[in-house]
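A.B. asks: The following block contains the structure, expressed as structure tokens.
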Amino acid sequence: MISYYSLPYPSSATEVFERLRSLGQAVILDSCHPDSAFGRYDLITAAPTKSVQLTTQGLEIYEPDSGWQPSSEEVFSLLKHWIADLGDLRDQPPPSNGGLIGYFSYDLNRHLEQLPSRPKPISICPTW
């Protein structure tokens, strides 16, 4: 269930974020308003209904009722299903009509492709 709340615009979005981040897995997308002429909306979210992470053991899904559980589903297929499950959000207020917020780290490539093992560190300092 997605909930939207309009809040009075504070002097800084980080003030609101500081109050919500204790809910867990908080994210802020700060527009830099009023310091930027291009800033308009700040998006703040916390306590997601689902989360996904990729570990060395594979994909794991988090839901509040069951905690972290392994999944055999491919990560992009899983995210596509989650977006479809949100349904038609076009009638929701701007600037965000719902969706997913997150990031992919560089190490995702090891999940997508078979790559050789990581090279040993090379010493760039000669020993005399």
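In the structure tokens, chains take the letters A, B, ... in the order shown, each chain's residues start at 1, and ligands count up from 1 in the order shown.
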What parts of region 23-96 of chain A does DSSP call helix (DSSP H, G or I)? I'd like the answer as JSON, numbers by chain.
C.D. replies: {"A": [23, 75, 76, 77, 78, 79, 80, 81, 82, 83, 84, 85]}
A.B. asks: Name the residues in contact with region 103-119 of chain A at a cut-off of 10 Å, using only C-alpha atoms, excluding same-chain residues fewer than 2 positions from it; report them as a list in words.
C.D. replies: Gln53, Leu54, Thr55, Thr56, Gly58, Leu59, Glu74, Val75, Leu100, Ile101, Pro121 and Ile122 of chain A
A.B. asks: If I take CA of Ser71 (chain A) and CA of Gly24 (chain A), how far is one from the other in Å, to one decimal?
C.D. replies: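 Atom-to-atom, CA of Ser71 (chain A) and CA of Gly24 (chain A) are spaced 22.0 Å apart.
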A.B. asks: CA of Gly99 (chain A) and CA of Pro70 (chain A), how far apart in Å?
C.D. replies: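 Pair CA of Pro70 (chain A) / CA of Gly99 (chain A) returns 22.4 Å.
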A.B. asks: Tell me which of A:Asp35, A:Ile44, A:Ser66, A:Ser77 sits closest to Glu15 (chain A), counting only C-alpha atoms.
C.D. replies: A:Ile44
A.B. asks: So, with only C-alpha atoms as the atoms that count, which of A:Tyr62, A:Phe76, A:Trp82, A:Tyr41 lies closest to Ala13 (chain A)?
C.D. replies: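 Once distances to Ala13 (chain A) are computed over only C-alpha atoms, the minimum belongs to A:Tyr41.
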A.B. asks: Would you kindly return, as a list in words, each protein, DNA or RNA residue with an atom no farther than 12 Å from any atom of Val16 (chain A), considering only C-alpha atoms and excluding same-chain residues fewer than 3 positions away?
C.D. replies: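 After dropping sequence-adjacent residues, the list is Ser6, Leu7, Pro8, Tyr9, Pro10, Ser11, Ser12, Ala13, Arg19, Leu20, Arg21, Ser22, Ala26, Val27, Ile28, Leu29, Asp30, Asp42, Leu43, Ile44, Thr45 and Ala46 of chain A.
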A.B. asks: Take the selection from the previous step and output its residues with C-alpha atoms, as a PDB file, in the first residue's frame.
C.D. replies:
ATOM      1  CA  SER A   6       2.028  16.445   1.487  1.00  0.00           C
ATOM      2  CA  LEU A   7       4.153  18.241   4.020  1.00  0.00           C
ATOM      3  CA  PRO A   8       4.867  21.922   4.465  1.00  0.00           C
ATOM      4  CA  TYR A   9       8.153  22.637   2.727  1.00  0.00           C
ATOM      5  CA  PRO A  10      10.838  22.946   5.400  1.00  0.00           C
ATOM      6  CA  SER A  11      13.951  25.039   5.030  1.00  0.00           C
ATOM      7  CA  SER A  12      15.782  21.783   4.276  1.00  0.00           C
ATOM      8  CA  ALA A  13      14.560  18.364   3.148  1.00  0.00           C
ATOM      9  CA  ARG A  19      12.792  12.443  11.417  1.00  0.00           C
ATOM     10  CA  LEU A  20      11.918   9.530   9.113  1.00  0.00           C
ATOM     11  CA  ARG A  21      15.188   7.663   8.730  1.00  0.00           C
ATOM     12  CA  SER A  22      14.724   5.698  11.960  1.00  0.00           C
ATOM     13  CA  ALA A  26      15.250   5.544   4.291  1.00  0.00           C
ATOM     14  CA  VAL A  27      16.067   7.284   1.002  1.00  0.00           C
ATOM     15  CA  ILE A  28      16.157  10.960   0.112  1.00  0.00           C
ATOM     16  CA  LEU A  29      16.256  12.349  -3.409  1.00  0.00           C
ATOM     17  CA  ASP A  30      17.036  15.986  -2.679  1.00  0.00           C
ATOM     18  CA  ASP A  42      12.211  16.299  -2.872  1.00  0.00           C
ATOM     19  CA  LEU A  43      11.284  12.634  -2.536  1.00  0.00           C
ATOM     20  CA  ILE A  44      11.659  10.946   0.825  1.00  0.00           C
ATOM     21  CA  THR A  45      10.701   7.376   1.573  1.00  0.00           C
ATOM     22  CA  ALA A  46      11.285   4.903   4.389  1.00  0.00           C
TER      23      ALA A  46
END
A.B. asks: Select from chain A everything DSSP, run on the backbone, classes as strand (DSSP E or B), then give the selection as a PyMOL selection string.
C.D. replies: chain A and resi 27-29+43-45+51-55+58-63+67-71
A.B. asks: Hey, can you check how far CA of Pro64 (chain A) sits from CA of Tyr5 (chain A)?
C.D. replies: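 These atoms are spaced 21.7 Å apart.
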